[in-house]
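File shown: coords12.cif (mmCIF, C-alpha atoms and all ligand atoms).
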data_run
loop_
_atom_site.label_atom_id
_atom_site.label_comp_id
_atom_site.auth_asym_id
_atom_site.auth_seq_id
_atom_site.Cartn_x
_atom_site.Cartn_y
_atom_site.Cartn_z
CA MET A 1 128.21 61.67 55.93
CA SER A 2 130.95 63.91 57.28
CA HIS A 3 133.02 62.61 60.17
CA LEU A 4 134.12 66.06 61.23
CA PHE A 5 132.76 67.26 64.59
CA PRO A 6 131.53 70.76 63.68
CA ARG A 7 131.11 73.70 66.07
CA HIS A 8 127.31 73.64 65.58
CA THR A 9 125.99 70.22 64.71
CA LYS A 10 123.06 71.66 62.74
CA ALA A 11 125.12 74.24 60.88
CA ASN A 12 125.54 73.70 57.22
CA ASN A 13 128.50 75.98 56.59
CA PRO A 14 129.80 76.44 53.07
CA THR A 15 133.21 74.97 52.31
CA ILE A 16 136.00 77.51 52.07
CA GLU A 17 138.05 77.24 48.91
CA HIS A 18 140.54 80.08 48.95
CA GLY A 19 141.29 83.54 50.24
CA ALA A 20 142.92 86.50 48.54
CA GLY A 21 143.50 89.90 50.12
CA VAL A 22 140.37 90.98 52.01
CA TYR A 23 138.15 88.32 50.41
CA LEU A 24 137.23 84.69 51.09
CA TYR A 25 135.72 82.43 48.40
CA ASP A 26 133.66 79.29 48.99
CA THR A 27 133.50 76.25 46.72
CA ASN A 28 130.30 77.59 45.12
CA GLY A 29 132.24 80.63 43.97
CA LYS A 30 130.57 83.01 46.43
CA LYS A 31 132.79 85.89 47.57
CA TYR A 32 132.78 87.29 51.13
CA PHE A 33 134.42 90.41 52.47
CA ASP A 34 136.30 89.20 55.55
CA GLY A 35 134.90 91.78 57.92
CA SER A 36 136.11 90.28 61.17
CA GLY A 37 138.91 87.83 60.32
CA GLY A 38 136.84 85.16 62.11
CA ALA A 39 137.34 86.73 65.50
CA ALA A 40 139.93 89.43 64.82
CA VAL A 41 142.51 87.00 63.47
CA SER A 42 143.28 87.85 59.83
CA CYS A 43 144.94 91.24 60.25
CA LEU A 44 146.94 90.85 57.02
CA GLY A 45 144.09 89.44 54.96
CA HIS A 46 144.66 86.27 52.97
CA SER A 47 147.46 84.85 50.82
CA ASP A 48 150.10 87.27 52.03
CA PRO A 49 153.20 86.31 50.00
CA ASP A 50 155.78 87.27 52.66
CA VAL A 51 154.17 85.22 55.39
CA THR A 52 153.58 82.18 53.19
CA GLN A 53 157.19 82.36 51.98
CA ALA A 54 158.48 82.56 55.57
CA ILE A 55 156.47 79.42 56.41
CA LYS A 56 157.78 77.57 53.34
CA ASP A 57 161.38 78.54 54.11
CA GLN A 58 161.07 77.37 57.70
CA VAL A 59 159.47 74.05 56.76
CA ASP A 60 162.32 73.48 54.31
CA GLN A 61 164.81 74.05 57.15
CA VAL A 62 163.02 72.26 59.96
CA ALA A 63 159.28 72.33 60.72
CA PHE A 64 159.45 71.35 64.37
CA ALA A 65 161.94 70.61 67.13
CA HIS A 66 160.91 70.11 70.76
CA THR A 67 161.83 72.87 73.22
CA GLY A 68 162.93 70.21 75.70
CA PHE A 69 165.99 69.81 73.46
CA PHE A 70 166.34 72.88 71.26
CA THR A 71 165.56 76.54 70.89
CA SER A 72 165.12 77.87 67.34
CA LYS A 73 166.12 80.97 65.40
CA PRO A 74 162.55 82.07 64.53
CA ALA A 75 161.34 81.66 68.13
CA GLU A 76 164.30 83.67 69.46
CA ALA A 77 163.86 86.38 66.82
CA LEU A 78 160.11 86.60 67.45
CA ALA A 79 160.65 87.02 71.19
CA ASP A 80 163.23 89.77 70.52
CA LYS A 81 160.85 91.57 68.18
CA LEU A 82 157.95 91.42 70.64
CA ILE A 83 160.09 92.72 73.50
CA GLU A 84 161.47 95.52 71.31
CA HIS A 85 157.89 96.87 71.10
CA ALA A 86 156.46 95.73 74.44
CA PRO A 87 155.45 98.04 77.30
CA ALA A 88 158.19 98.98 79.78
CA GLY A 89 159.20 96.25 82.19
CA ILE A 90 158.01 93.37 79.99
CA GLU A 91 161.08 91.25 79.27
CA ARG A 92 160.22 87.64 78.41
CA VAL A 93 158.02 85.81 75.93
CA TYR A 94 156.56 82.31 76.31
CA LEU A 95 155.26 81.04 72.96
CA VAL A 96 152.19 78.79 72.83
CA SER A 97 149.63 77.75 70.22
CA GLY A 98 146.67 80.04 70.87
CA GLY A 99 144.82 82.42 73.16
CA SER A 100 143.46 80.04 75.79
CA GLU A 101 146.87 78.41 76.14
CA ALA A 102 148.44 81.84 76.66
CA VAL A 103 145.89 82.58 79.40
CA GLU A 104 146.51 79.24 81.15
CA ALA A 105 150.26 79.91 81.07
CA ALA A 106 149.77 83.40 82.50
CA LEU A 107 147.56 82.11 85.33
CA LYS A 108 150.03 79.38 86.24
CA LEU A 109 153.01 81.73 86.03
CA ALA A 110 151.26 84.24 88.31
CA ARG A 111 150.62 81.48 90.83
CA GLN A 112 154.17 80.12 90.63
CA TYR A 113 155.62 83.64 90.97
CA PHE A 114 153.98 84.06 94.36
CA ILE A 115 155.18 80.64 95.48
CA GLU A 116 158.73 81.53 94.42
CA ILE A 117 158.70 84.85 96.30
CA GLY A 118 157.33 83.29 99.49
CA GLU A 119 153.65 84.30 99.30
CA PRO A 120 152.12 80.89 98.55
CA GLN A 121 148.72 81.83 99.95
CA ARG A 122 148.03 84.09 96.95
CA HIS A 123 145.79 82.24 94.50
CA LYS A 124 142.61 84.26 93.90
CA VAL A 125 141.85 85.96 90.60
CA ILE A 126 139.55 88.92 90.15
CA ALA A 127 138.26 89.58 86.65
CA ARG A 128 135.27 91.41 85.12
CA ARG A 129 131.74 90.55 84.15
CA GLN A 130 130.98 90.37 80.42
CA SER A 131 134.51 89.33 79.52
CA TYR A 132 135.94 86.36 77.63
CA HIS A 133 139.38 84.89 78.23
CA GLY A 134 139.15 81.54 76.45
CA ASN A 135 137.51 78.16 76.63
CA THR A 136 139.95 75.96 78.56
CA LEU A 137 138.90 75.54 82.18
CA GLY A 138 141.23 78.09 83.79
CA ALA A 139 140.53 80.68 81.12
CA LEU A 140 136.79 79.98 81.20
CA ALA A 141 136.80 80.43 84.98
CA THR A 142 138.33 83.88 84.71
CA GLY A 143 135.95 84.99 81.95
CA GLY A 144 132.72 86.62 83.03
CA ASN A 145 130.40 85.37 80.31
CA LEU A 146 127.65 83.55 82.18
CA TRP A 147 126.33 81.66 79.19
CA ARG A 148 129.72 80.15 78.36
CA ARG A 149 130.59 79.41 82.00
CA GLU A 150 127.40 77.97 83.36
CA PRO A 151 127.49 74.30 82.25
CA PHE A 152 131.12 73.91 83.33
CA SER A 153 131.05 75.89 86.58
CA PRO A 154 131.46 72.82 88.85
CA LEU A 155 134.84 72.22 87.18
CA MET A 156 136.17 75.73 87.64
CA ILE A 157 138.54 77.54 89.98
CA GLU A 158 136.80 80.23 91.98
CA THR A 159 137.06 83.69 90.40
CA SER A 160 135.23 86.84 91.37
CA HIS A 161 134.02 89.41 88.90
CA ILE A 162 133.62 93.17 89.13
CA SER A 163 131.84 95.54 86.73
CA PRO A 164 133.27 96.17 83.28
CA CYS A 165 134.05 99.73 82.19
CA TYR A 166 130.99 100.23 80.00
CA GLU A 167 130.41 103.94 79.62
CA TYR A 168 127.51 103.71 77.15
CA ARG A 169 125.44 101.66 79.57
CA ASP A 170 126.60 102.51 83.07
CA ARG A 171 127.83 106.10 83.32
CA LYS A 172 125.43 108.21 85.37
CA GLU A 173 124.20 111.52 84.00
CA ASN A 174 125.84 113.54 86.75
CA GLU A 175 129.25 111.85 86.28
CA THR A 176 132.08 112.78 83.93
CA ALA A 177 133.66 109.92 81.98
CA PHE A 178 136.71 110.20 84.21
CA GLU A 179 134.66 110.04 87.42
CA TYR A 180 132.80 107.04 86.06
CA GLY A 181 136.07 105.25 85.28
CA GLN A 182 137.41 105.89 88.78
CA ARG A 183 134.17 104.63 90.32
CA VAL A 184 134.20 101.31 88.47
CA ALA A 185 137.96 100.88 88.93
CA ASN A 186 137.48 101.36 92.68
CA GLU A 187 135.26 98.27 92.66
CA LEU A 188 138.52 96.36 92.36
CA GLU A 189 139.70 97.67 95.71
CA GLU A 190 136.36 96.81 97.32
CA GLU A 191 136.57 93.29 95.93
CA ILE A 192 140.17 92.83 97.07
CA LEU A 193 139.19 93.86 100.59
CA ARG A 194 136.15 91.58 100.47
CA VAL A 195 138.02 88.43 99.42
CA GLY A 196 141.16 89.15 101.49
CA PRO A 197 144.10 91.14 100.04
CA GLN A 198 146.67 88.62 101.21
CA ASP A 199 145.07 85.87 99.07
CA VAL A 200 144.64 87.77 95.80
CA MET A 201 147.05 86.85 93.02
CA ALA A 202 145.94 88.86 90.00
CA PHE A 203 143.43 91.13 88.33
CA PHE A 204 142.67 90.09 84.75
CA ALA A 205 141.01 92.19 82.05
CA GLU A 206 140.86 92.82 78.31
CA PRO A 207 142.02 96.43 77.69
CA VAL A 208 139.43 96.70 74.89
CA VAL A 209 136.74 94.06 75.35
CA GLY A 210 136.05 91.96 72.28
CA ALA A 211 133.74 88.99 71.99
CA THR A 212 131.31 89.72 74.81
CA SER A 213 130.86 93.45 74.39
CA GLY A 214 131.85 94.55 70.90
CA ALA A 215 135.07 96.61 71.00
CA LEU A 216 134.42 98.23 74.34
CA ALA A 217 137.26 100.62 75.20
CA PRO A 218 137.89 101.95 78.72
CA VAL A 219 137.46 105.61 79.65
CA GLU A 220 140.54 107.69 80.32
CA GLY A 221 142.20 107.03 83.66
CA TYR A 222 140.43 103.71 84.32
CA PHE A 223 143.44 101.44 83.85
CA LYS A 224 145.78 103.90 85.61
CA ARG A 225 143.58 103.59 88.71
CA ILE A 226 143.48 99.80 88.29
CA ARG A 227 147.30 99.75 88.14
CA GLU A 228 147.49 101.88 91.33
CA ILE A 229 145.17 99.50 93.19
CA CYS A 230 147.12 96.43 92.04
CA ASP A 231 150.37 98.03 93.22
CA LYS A 232 148.87 99.03 96.56
CA TYR A 233 148.00 95.41 97.35
CA GLY A 234 150.95 93.69 95.60
CA ILE A 235 148.67 92.10 93.00
CA LEU A 236 149.72 91.27 89.44
CA LEU A 237 147.95 93.07 86.59
CA MET A 238 147.29 90.62 83.76
CA LEU A 239 145.97 92.04 80.48
CA ASP A 240 144.35 89.87 77.86
CA GLU A 241 145.23 91.23 74.42
CA VAL A 242 144.41 88.01 72.59
CA MET A 243 141.81 89.84 70.51
CA CYS A 244 142.68 93.53 70.86
CA GLY A 245 146.47 93.22 70.64
CA MET A 246 148.89 93.07 67.70
CA GLY A 247 147.95 96.40 66.23
CA ARG A 248 144.19 95.86 66.12
CA THR A 249 143.40 99.03 68.11
CA GLY A 250 145.95 101.18 66.27
CA THR A 251 148.94 100.52 68.56
CA LEU A 252 150.83 97.23 68.66
CA PHE A 253 149.70 96.62 72.25
CA ALA A 254 146.28 97.99 73.16
CA CYS A 255 147.49 98.94 76.66
CA GLU A 256 149.94 101.46 75.18
CA GLN A 257 146.95 103.80 74.87
CA GLU A 258 146.29 103.51 78.62
CA ASP A 259 149.84 104.58 79.44
CA ILE A 260 150.40 101.72 81.86
CA SER A 261 152.60 98.64 82.03
CA PRO A 262 150.99 95.37 83.05
CA ASP A 263 152.86 92.46 84.64
CA LEU A 264 151.57 89.84 82.22
CA ILE A 265 150.11 90.14 78.71
CA THR A 266 148.48 87.44 76.62
CA ILE A 267 148.35 87.70 72.83
CA ALA A 268 147.32 85.37 69.98
CA LYS A 269 144.98 85.80 66.98
CA GLY A 270 146.68 88.65 65.06
CA LEU A 271 150.10 87.35 66.11
CA GLY A 272 149.87 84.55 63.57
CA ALA A 273 147.26 86.41 61.49
CA GLY A 274 145.67 83.01 60.86
CA TYR A 275 148.67 81.72 58.91
CA GLN A 276 149.72 79.54 61.84
CA PRO A 277 148.14 78.85 65.24
CA ILE A 278 150.26 80.77 67.73
CA GLY A 279 149.85 82.74 70.95
CA ALA A 280 152.18 84.15 73.56
CA MET A 281 152.37 85.10 77.19
CA LEU A 282 154.67 88.03 77.92
CA CYS A 283 155.85 88.72 81.45
CA ALA A 284 157.63 91.36 83.45
CA GLY A 285 161.33 90.92 84.20
CA LYS A 286 160.58 90.66 87.93
CA ILE A 287 158.43 87.57 87.35
CA TYR A 288 161.02 85.84 85.21
CA ASP A 289 163.76 86.75 87.68
CA ALA A 290 161.79 85.21 90.53
CA ILE A 291 161.71 81.90 88.65
CA GLU A 292 165.34 82.16 87.55
CA ASN A 293 166.56 82.97 91.06
CA GLY A 294 164.20 80.41 92.59
CA SER A 295 163.34 76.98 91.24
CA GLY A 296 164.73 77.78 87.77
CA PHE A 297 161.85 75.97 86.14
CA PHE A 298 158.38 77.11 85.06
CA GLN A 299 156.24 74.13 85.93
CA HIS A 300 154.24 74.18 82.71
CA GLY A 301 154.62 73.26 79.05
CA HIS A 302 152.97 71.91 75.92
CA THR A 303 154.39 69.92 73.06
CA TYR A 304 154.15 72.81 70.62
CA ILE A 305 155.55 75.69 72.69
CA GLY A 306 158.03 77.76 70.70
CA HIS A 307 156.98 76.02 67.48
CA PRO A 308 159.55 77.00 64.80
CA THR A 309 157.15 77.18 61.84
CA ALA A 310 154.48 79.08 63.78
CA SER A 311 157.20 81.41 65.08
CA ALA A 312 158.53 82.03 61.56
CA ALA A 313 155.03 82.97 60.40
CA ALA A 314 154.49 85.29 63.38
CA LEU A 315 157.88 86.91 62.87
CA ALA A 316 156.92 87.72 59.28
CA VAL A 317 153.54 89.06 60.49
CA ILE A 318 154.92 91.33 63.21
CA THR A 319 157.64 92.62 60.88
CA LYS A 320 154.91 93.74 58.47
CA LEU A 321 152.87 95.25 61.29
CA THR A 322 155.73 97.28 62.73
CA ASP A 323 158.43 97.91 60.08
CA GLY A 324 155.84 97.72 57.29
CA GLY A 325 153.66 100.44 58.85
CA LEU A 326 150.48 98.36 59.03
CA VAL A 327 149.70 99.27 62.64
CA GLU A 328 149.63 102.91 61.68
CA ARG A 329 147.50 102.05 58.65
CA CYS A 330 145.07 100.22 60.91
CA ARG A 331 144.72 103.30 63.10
CA LYS A 332 144.02 105.59 60.13
CA MET A 333 141.63 103.21 58.34
CA GLY A 334 139.86 102.59 61.64
CA GLU A 335 139.20 106.29 62.12
CA LYS A 336 137.79 106.54 58.59
CA LEU A 337 135.64 103.42 58.93
CA GLN A 338 134.25 104.44 62.31
CA ALA A 339 133.42 107.95 61.08
CA ALA A 340 131.66 106.53 58.01
CA LEU A 341 129.68 104.05 60.11
CA LYS A 342 128.56 106.83 62.45
CA ARG A 343 127.58 108.99 59.49
CA GLU A 344 125.65 106.26 57.66
CA LEU A 345 124.20 104.20 60.50
CA GLY A 346 124.60 106.31 63.63
CA GLN A 347 121.03 107.67 63.58
CA HIS A 348 119.30 104.36 62.87
CA PRO A 349 116.53 103.82 65.46
CA HIS A 350 117.98 100.44 66.46
CA ILE A 351 121.65 101.38 66.59
CA GLY A 352 122.53 102.48 70.10
CA ASP A 353 126.29 102.91 69.97
CA ILE A 354 129.17 102.73 67.50
CA ARG A 355 132.53 102.47 69.25
CA GLY A 356 136.02 101.04 69.25
CA ARG A 357 139.60 101.77 68.41
CA GLY A 358 141.53 101.21 65.21
CA LEU A 359 139.97 98.51 63.06
CA PHE A 360 138.25 97.04 66.10
CA ILE A 361 134.75 98.45 65.95
CA GLY A 362 131.54 97.49 67.73
CA ILE A 363 127.99 98.40 66.75
CA GLU A 364 125.53 97.91 69.61
CA VAL A 365 122.01 97.13 68.45
CA VAL A 366 119.06 97.98 70.74
CA GLU A 367 115.29 97.77 70.67
CA ASP A 368 114.92 101.36 71.84
CA ARG A 369 117.61 103.91 71.11
CA GLU A 370 116.28 106.41 73.67
CA THR A 371 116.12 104.05 76.64
CA LYS A 372 118.98 101.79 75.37
CA LYS A 373 116.72 98.82 76.07
CA PRO A 374 118.23 95.71 74.43
CA PHE A 375 116.21 93.30 72.30
CA ALA A 376 115.00 90.27 74.26
CA PRO A 377 117.62 87.49 74.02
CA SER A 378 114.85 85.18 72.77
CA LYS A 379 114.72 87.25 69.56
CA SER A 380 118.28 86.07 68.73
CA ILE A 381 118.96 89.29 66.86
CA ASN A 382 122.69 88.62 66.69
CA LYS A 383 122.13 85.25 65.04
CA ALA A 384 119.78 86.80 62.49
CA LEU A 385 122.34 89.53 61.80
CA LYS A 386 125.11 87.00 61.35
CA LYS A 387 123.01 85.10 58.81
CA ALA A 388 121.90 88.22 56.94
CA THR A 389 125.37 89.78 56.74
CA PHE A 390 126.84 86.47 55.59
CA GLU A 391 124.21 86.15 52.89
CA ALA A 392 125.01 89.69 51.81
CA GLY A 393 128.66 88.65 51.42
CA LEU A 394 130.07 90.12 54.64
CA ALA A 395 131.60 87.75 57.19
CA CYS A 396 131.45 89.55 60.54
CA TYR A 397 131.03 88.66 64.19
CA PRO A 398 127.64 89.45 65.75
CA MET A 399 127.34 88.52 69.43
CA GLY A 400 125.50 89.43 72.57
CA GLY A 401 121.94 89.32 73.74
CA THR A 402 122.66 86.35 75.97
CA ILE A 403 125.58 88.02 77.79
CA ASP A 404 124.13 88.44 81.28
CA GLY A 405 120.97 89.77 79.60
CA VAL A 406 122.30 93.29 80.21
CA ASN A 407 123.74 94.69 77.05
CA GLY A 408 122.35 94.72 73.56
CA ASP A 409 123.35 92.56 70.66
CA HIS A 410 126.36 93.80 68.80
CA ILE A 411 128.22 93.42 65.55
CA LEU A 412 132.00 93.28 65.85
CA LEU A 413 133.99 94.46 62.85
CA ALA A 414 137.70 93.64 62.63
CA PRO A 415 138.66 93.81 58.96
CA PRO A 416 142.20 93.31 57.62
CA PHE A 417 144.59 96.25 58.01
CA ILE A 418 145.23 96.13 54.26
CA MET A 419 141.66 97.20 53.45
CA GLU A 420 141.30 100.18 51.11
CA ASP A 421 138.97 103.21 51.18
CA GLU A 422 136.58 101.58 48.69
CA HIS A 423 136.00 98.70 51.12
CA ILE A 424 134.42 101.13 53.60
CA ASP A 425 131.53 101.63 51.17
CA GLU A 426 131.28 97.90 50.59
CA ILE A 427 131.09 97.11 54.32
CA ILE A 428 128.44 99.78 54.90
CA ALA A 429 126.36 98.73 51.89
CA LYS A 430 126.32 95.11 53.05
CA LEU A 431 125.58 96.05 56.66
CA LYS A 432 122.67 98.18 55.47
CA ILE A 433 121.17 95.25 53.57
CA ALA A 434 121.37 93.04 56.68
CA ILE A 435 120.15 95.70 59.09
CA GLU A 436 117.21 96.53 56.82
CA GLU A 437 116.27 92.87 56.69
CA VAL A 438 116.65 92.04 60.40
CA LEU A 439 115.81 95.27 62.20
N1 LIG A 501 141.09 85.88 75.22
C1 LIG A 501 140.34 86.68 74.45
C2 LIG A 501 140.20 88.14 74.79
C3 LIG A 501 139.68 86.16 73.34
O1 LIG A 501 138.90 86.95 72.59
C4 LIG A 501 139.84 84.79 73.03
C5 LIG A 501 139.16 84.19 71.87
O2 LIG A 501 138.24 84.73 71.31
C6 LIG A 501 140.65 84.00 73.86
C7 LIG A 501 141.27 84.58 74.95
C8 LIG A 501 140.87 82.55 73.57
O3 LIG A 501 141.68 82.40 72.46
P1 LIG A 501 141.66 81.02 71.62
O4 LIG A 501 140.31 80.90 71.03
O5 LIG A 501 142.77 81.21 70.63
O6 LIG A 501 141.96 79.93 72.58
#
Using the file provided, produce a representation of the structure as structure tokens.
Amino acid sequence: MSHLFPRHTKANNPTIEHGAGVYLYDTNGKKYFDGSGGAAVSCLGHSDPDVTQAIKDQVDQVAFAHTGFFTSKPAEALADKLIEHAPAGIERVYLVSGGSEAVEAALKLARQYFIEIGEPQRHKVIARRQSYHGNTLGALATGGNLWRREPFSPLMIETSHISPCYEYRDRKENETAFEYGQRVANELEEEILRVGPQDVMAFFAEPVVGATSGALAPVEGYFKRIREICDKYGILLMLDEVMCGMGRTGTLFACEQEDISPDLITIAKGLGAGYQPIGAMLCAGKIYDAIENGSGFFQHGHTYIGHPTASAAALAVITKLTDGGLVERCRKMGEKLQAALKRELGQHPHIGDIRGRGLFIGIEVVEDRETKKPFAPSKSINKALKKATFEAGLACYPMGGTIDGVNGDHILLAPPFIMEDEHIDEIIAKLKIAIEEVL
């Protein structure tokens, strides 16, 4: 009997043996194309020699030293590299061990910022429905995924949720995409006025929504309007790029494509590319300055913040993404993959929408393509798709159906940026097998 506490107690997952490039191999010798890097983690694929060497070198020097006593060269260099490429105004990096930790740090920093600048009443967070920001209690409270939240809601801080920017489902026929974006962005202002502008601390959103909605990108102008509203009421704009950041959408930060600068950004997943667990919270200079000129101490911390080995791995990853041209490669391969998916699957009677940016692509599956009616959640289409794709040798990330019962099931594709043209055919062939079987 295994003593490991698995994610699903009844799951009988195969044992992973090794990974090489875009493939994973289990102990039975079965080969899987890593079509989603778990959940958009493995942007470099597996067994990257530069990243593994960077980890080995760092462990030989020193694996860990506590940030209560020391800083380290890889953590300093990683912060410099991130800021070199970060949106304007972002000046500091707080390194943690994953996405939820980055979100908790951002929430606490936002709160402390307002205390430091003499607005201690500000504590409310507004986020969006059908979003996911992590599984720790603060992060779970901000996320708008009812199914994940429900059992733990008595333990959560109060957060209110406005509509997502979901053009495929919510744009009215007589509206342009731009008008639609302004309408849903204006819900933020209505919500601020409803809950009391003086008490609101931050608005929190994923620029391109991942787990709950399948690579859902905003329409043009949406985030610019959101930024305007935040500025009007002195509210911090926090963007969650844990899944969509680090090149995944074809730019290092997903928000670059919205032409705005947030006040706080959270990243993880692709930052360590799976080679080490690492995340980060990046903040605007004005937030850091408020702490520096005030208490001088961010009242937060974990044992593994600024971990030298994790930082060394992430430094090697981001160097490949930026100097090595892999972000640009992701953008180009993403365009090719999305075009091929639309060509080969776009007319299928149960495929409602194919969308996304870069190698972050969502396929929304519906019962009726004309009416966009989703399959009943009880049919568990996403679970059946996950099983069928996996059996066909494609590890991808089907979700949905249970998300507020509104949208359809979806398949999220987030393959490694190193994938080649021939892998496009492989992904489509395997998807076709699964779709044929399930739909
Ligand atoms: N934020 C977003 C947008 C995510 O997609 C996730 C994980 O899927 C998280 C936060 C939480 O990250 P982690 O699972 O590393 O704690």
Point to revise | Near-ligand residues for ligand LIG 501 (chain A), threshold 6 Å, only C-alpha atoms and all ligand atoms, as number ranges by chain | key: A: 98-100, 132-134, 206, 210-211, 240-243
Convert the current residue selection to file output with C-alpha atoms, as a short mmCIF file (atom, residue, chain, number, x, y, z; two decimals), in the frame of the given file.
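See out-v6.cif below for the written result:
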data_model
loop_
_atom_site.label_atom_id
_atom_site.label_comp_id
_atom_site.auth_asym_id
_atom_site.auth_seq_id
_atom_site.Cartn_x
_atom_site.Cartn_y
_atom_site.Cartn_z
CA GLY A 98 146.67 80.04 70.87
CA GLY A 99 144.82 82.42 73.16
CA SER A 100 143.46 80.04 75.79
CA TYR A 132 135.94 86.36 77.63
CA HIS A 133 139.38 84.89 78.23
CA GLY A 134 139.15 81.54 76.45
CA GLU A 206 140.86 92.82 78.31
CA GLY A 210 136.05 91.96 72.28
CA ALA A 211 133.74 88.99 71.99
CA ASP A 240 144.35 89.87 77.86
CA GLU A 241 145.23 91.23 74.42
CA VAL A 242 144.41 88.01 72.59
CA MET A 243 141.81 89.84 70.51
#
Exercise for review: Can you work out the spacing between CA of Ile418 (chain A) and CA of Leu431 (chain A) in Å, to one decimal?
Suggested key: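 Interatomic distance, CA of Ile418 (chain A) to CA of Leu431 (chain A): 19.8 Å.
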**Study point:** Residue neighbourhood Lys379 (chain A), 12 Å, only C-alpha atoms, exclusion window fewer than 2 positions, as number ranges by chain
**Key:** A: 366-367, 374-377, 381-385, 400-402, 408-409, 438-439
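Reported to one decimal place, the separation of CA of Ser311 (chain A) from CA of Ser97 (chain A) is 9.9 Å.
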Neighbours of region 72-86 of chain A within 7 Å (only C-alpha atoms; same-chain residues fewer than 5 positions away dropped), as a short mmCIF file (atom, residue, chain, number, x, y, z; two decimals) with C-alpha atoms, keeping the file's coordinate frame?
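The new file out10.cif reads:
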data_model
loop_
_atom_site.label_atom_id
_atom_site.label_comp_id
_atom_site.auth_asym_id
_atom_site.auth_seq_id
_atom_site.Cartn_x
_atom_site.Cartn_y
_atom_site.Cartn_z
CA GLU A 91 161.08 91.25 79.27
CA VAL A 93 158.02 85.81 75.93
CA GLY A 306 158.03 77.76 70.70
CA PRO A 308 159.55 77.00 64.80
CA SER A 311 157.20 81.41 65.08
CA ALA A 312 158.53 82.03 61.56
CA LEU A 315 157.88 86.91 62.87
#
Review point. Do you know which residues are at most 8 Å from region 160-164 of chain A counting all atoms listed in the file, after dropping those on the same chain fewer than 5 positions away, and could you put them as a list in words?
Key: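 Those residues are Val125, Ile126, Ala127, Arg128, Arg129, Gln130, Ser131, Thr142, Gly144, Val184, Glu187, Leu188 and Glu191 of chain A.
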Point to revise | Residue with smallest distance to Thr52 (chain A) - pool A:Tyr166, A:Tyr275, A:Leu326, A:Ser380, counting only C-alpha atoms | key: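 Of A:Tyr166, A:Tyr275, A:Leu326, A:Ser380, the one nearest Thr52 (chain A) is A:Tyr275, counting only C-alpha atoms.
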Please, which residues in region 174-235 of chain A fall within 9 Å of region 260-274 of chain A when counting all atoms listed in the file, and what is the closest atom pair and distance in Å to one decimal for each, ordered by chain then residue number, as JSON lines?
{"residue": "A:Phe223", "atom": "CA", "partner": "A:Ile260", "partner_atom": "CA", "distance": 7.2}
{"residue": "A:Lys224", "atom": "CA", "partner": "A:Ile260", "partner_atom": "CA", "distance": 6.3}
{"residue": "A:Arg227", "atom": "CA", "partner": "A:Ile260", "partner_atom": "CA", "distance": 7.3}
Using all atoms listed in the file, what table do you get, as JSON lines, when you list each residue of region 173-205 of chain A with an atom no more than 12 Å from region 102-111 of chain A, its nearest pair of atoms, and their distance in Å rounded to one decimal, rows by chain then rising number?
{"residue": "A:Asp199", "atom": "CA", "partner": "A:Arg111", "partner_atom": "CA", "distance": 10.9}
{"residue": "A:Val200", "atom": "CA", "partner": "A:Arg111", "partner_atom": "CA", "distance": 10.0}
{"residue": "A:Met201", "atom": "CA", "partner": "A:Arg111", "partner_atom": "CA", "distance": 6.8}
{"residue": "A:Ala202", "atom": "CA", "partner": "A:Ala110", "partner_atom": "CA", "distance": 7.2}
{"residue": "A:Phe203", "atom": "CA", "partner": "A:Leu107", "partner_atom": "CA", "distance": 10.4}
{"residue": "A:Phe204", "atom": "CA", "partner": "A:Leu107", "partner_atom": "CA", "distance": 9.4}
{"residue": "A:Ala205", "atom": "CA", "partner": "A:Val103", "partner_atom": "CA", "distance": 11.1}
Practice item. Using all atoms listed in the file, pick whichever of A:Met419, A:Ile363, A:Leu4, A:Ala280 has the shortest atom-to-atom distance to Pro398 (chain A). Key: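 Looking at the shortest contact to Pro398 (chain A), the residue is A:Ile363.
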Practice item. Please indicate the distance in Å from CA of Arg171 (chain A) to CA of Ile354 (chain A), rounded to one decimal place. Key: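 Taking CA of Arg171 (chain A) and CA of Ile354 (chain A), their separation equals 16.2 Å.
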Review point. Looking at only C-alpha atoms, which of A:Pro415, A:Glu228, A:Ser378, A:Ala284 is the one that sits closest to Gln338 (chain A)?
Key: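 Looking only at the distances to Gln338 (chain A), the closest residue turns out to be A:Pro415.
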Given 5 Å on each side, where is the centre and what are the edge lengths in Å to one decimal of the axis-aligned box enclosing the listed atoms of region 257-269 of chain A, as AutoDock Vina command-line options?
--center_x 148.9 --center_y 95.0 --center_z 75.8 --size_x 17.9 --size_y 29.2 --size_z 27.7
Exercise for review: With a distance cut-off of 8 Å and only C-alpha atoms, select the neighbouring residues of Ala388 (chain A), excluding the residue or stretch itself and same-chain residues fewer than 4 positions from it, and output the selection as JSON, numbers by chain.
Suggested key: {"A": [384, 392, 433, 434, 435, 437, 438]}
Exercise for review: Rank nothing, just name the residue among A:Ile411, A:Leu394, A:Ala339, A:Ala290 nearest to Ile117 (chain A), using all atoms listed in the file.
Suggested key: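 Using all atoms listed in the file, Ile117 (chain A) sits closest to A:Ala290.
Among A:Gly118, A:Pro277, A:Gly245, A:Gly138, the residue with the shortest atom-to-atom distance to Pro207 (chain A), counting only C-alpha atoms, is A:Gly245.
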